[in-house]
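Worksheet: the structure to be examined is printed underneath.
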Amino acid sequence: MNDRATKLLGLRDGFGGLDPEEGLASGLRRWVDGGIGSCGEVVCWAPVPVHADDAPGRHFDLTGWECLQTVFHLEDFVPVASTYDEGPILGVDAQRTLLRQGIALAREVGRLAGELSSPIPLRCIVATNETNGTFRFHRIRTDESWLSDDLDGYGRDYVVVIDFLPRPLDRFSSAHVAATQRAALFDLVELIAPDAEKACGRLEYVLENASWSAFDPEDALIEVLFDGCDGGLVYFDREVADPYAIRSRLALLPTCPEGLTWDWYDGDICKTETDLQTYLRLSADHCRTVGTALIGVVTGKNGLVLGFLPSNKLEQFIELAASADAEIVIYGTVEPGAHWPNRPSGRSEINGPT
């Protein structure tokens with residue numbers, strides 16, 4: 001999302017907090033109930049029009065065809081207050097409502113994309129401004145985009161872009177989570193979350209709504225525990241993460257240990273992945289001096305997820321992660337000959353030389 005949308009929505013309650021309290025508007029539910037369909041290389045709302053066989057037709061490309069087939073105005077289906085002065089005018093509260101409803105609709109459309117006979121990568125675009133709110137979706141294609149790379153360039157709009165990517169077959173999960181894995185996930189959340197009751201409520205919601213695109217154990221933990229300044233985990237984009245951003249965000253976590261200092265590092269640029277790993281290892285070593293471990297949850301290749309955990313809970317963390325089938329990282333230097341008892345093979349990592 002662009003900075004305007006971030007400020008309008010607020011992320012203090014995490015991404016789970018973006019869902020509208022009133023649920024998906026009935027007008028938007030009708031779009032979901034109608035479903036989506038694909039024909040050849042294109043996807044759109046069902047029923048798929050006959051002319052889909054000729055796509056892109058007069059349009060520039062397939063993505064353009066899909067955008068024009070799927071776009072509609074959110075305010076036509078979501079009741080919001082507006083005024084009229086030479087055109088409709090939507091206030092900030094109305095635009096916030098439309099954004100939240102659009103995000104909730106995107107979750108449903110992503111689920112529908114995963115239920116197609118051949119799940120496809122799908123992008124949903126939600127945007128609002130003073131005159132209207134729009135929703136559209138299209139198949140993700142590496143060589144086609146109808147969206148600027150710089151979302152902040154849309155200076156008058158609040159923009160949210162949500163991508164749904166099919167999981168590899170060996171990582172496919174459904175809403176039917178085994179009892180052992182389910183119990184381990186709840187225990188992990190209670191171990192890490194500052195507000196365990198709130199986080200467990202979120203996990204219950206995630207598991208009840210798990211689908212091809214929304215659930216694997218790592219994603220579940222990240223969605224539940226990423227809770228702004230009140231969370232147990234923080235998320236970074238590896239390509240732009242630097243020491244200043246990392247320590248600034250970590251220092252805001254309620255679990256940040258007292259006595260942890262950051263003045264030992266005088267550089268603020270991580271030019272390479274090696275630089276980043278070195279900084280994380282050194283940070284973890286300093287955490288250990290105050291009885292705390294720097295931990296992580298494995299996510300996509302461009303993501304970095306970090307958090308804190310008391311050192312005396314590490315063994316429990318590793319065992320629960322194994323039961324939950326969740327890939328985790330424990331940062332820091334490992335002394336020669338040191339090992340973690342009962343460390344699950346292949347499911348956790350320790351950063352640093354052994």
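Please note that chains go A, B, ... in the order of the structure tokens, that every chain numbers its residues from 1, and that ligands are numbered from 1 in the order shown.
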Among segment 125-344 of chain A, which residues does DSSP mark as strand (DSSP E or B) when it is run on the backbone? Keep the chain and numbering as in the structure and answer as a PyMOL selection string. chain A and resi 125-128+133-139+141+144+158-164+226+233-237+292-297+303-310+328-330
Backbone-only DSSP, alpha helix (DSSP H) members of segment 9-228 of chain A, as a ChimeraX atom specification: /A:9,26-34,62-70,92-114,179-192,196-208,217-225
Env of Leu68 of chain A: 10 Å cut, atoms = only C-alpha atoms, seq-sep filter 4 positions within chain, self excluded. Answer as a ChimeraX atom specification. /A:44,59,63-64,72,136-138
Show me, as a ChimeraX atom specification, the residues that have an atom within 6 Å of segment 310-323 of chain A when counting only C-alpha atoms, minus same-chain residues fewer than 5 positions from it. /A:181,184,291-293,344
Any chance you could export the current selection's C-alpha atoms as an mmCIF file, in the first residue's frame?
data_model
loop_
_atom_site.group_PDB
_atom_site.id
_atom_site.type_symbol
_atom_site.label_atom_id
_atom_site.label_comp_id
_atom_site.auth_asym_id
_atom_site.auth_seq_id
_atom_site.Cartn_x
_atom_site.Cartn_y
_atom_site.Cartn_z
ATOM 1 C CA GLN A 181 -0.164 -29.075 14.420
ATOM 2 C CA ALA A 184 1.510 -26.549 18.536
ATOM 3 C CA GLY A 291 19.058 -13.439 28.521
ATOM 4 C CA THR A 292 17.146 -13.075 25.275
ATOM 5 C CA ALA A 293 17.251 -14.785 21.884
ATOM 6 C CA PRO A 344 14.372 -30.940 14.561
#
So which one's closest to Ala106 of chain A, A:Ile162, A:Leu253, A:Leu294, A:Val78? Using only C-alpha atoms, please. A:Ile162
Among the residues A:Ile36, A:Tyr265, A:Leu90, A:Thr299, the one that comes closest to Ser283 of chain A [using only C-alpha atoms]: A:Tyr265
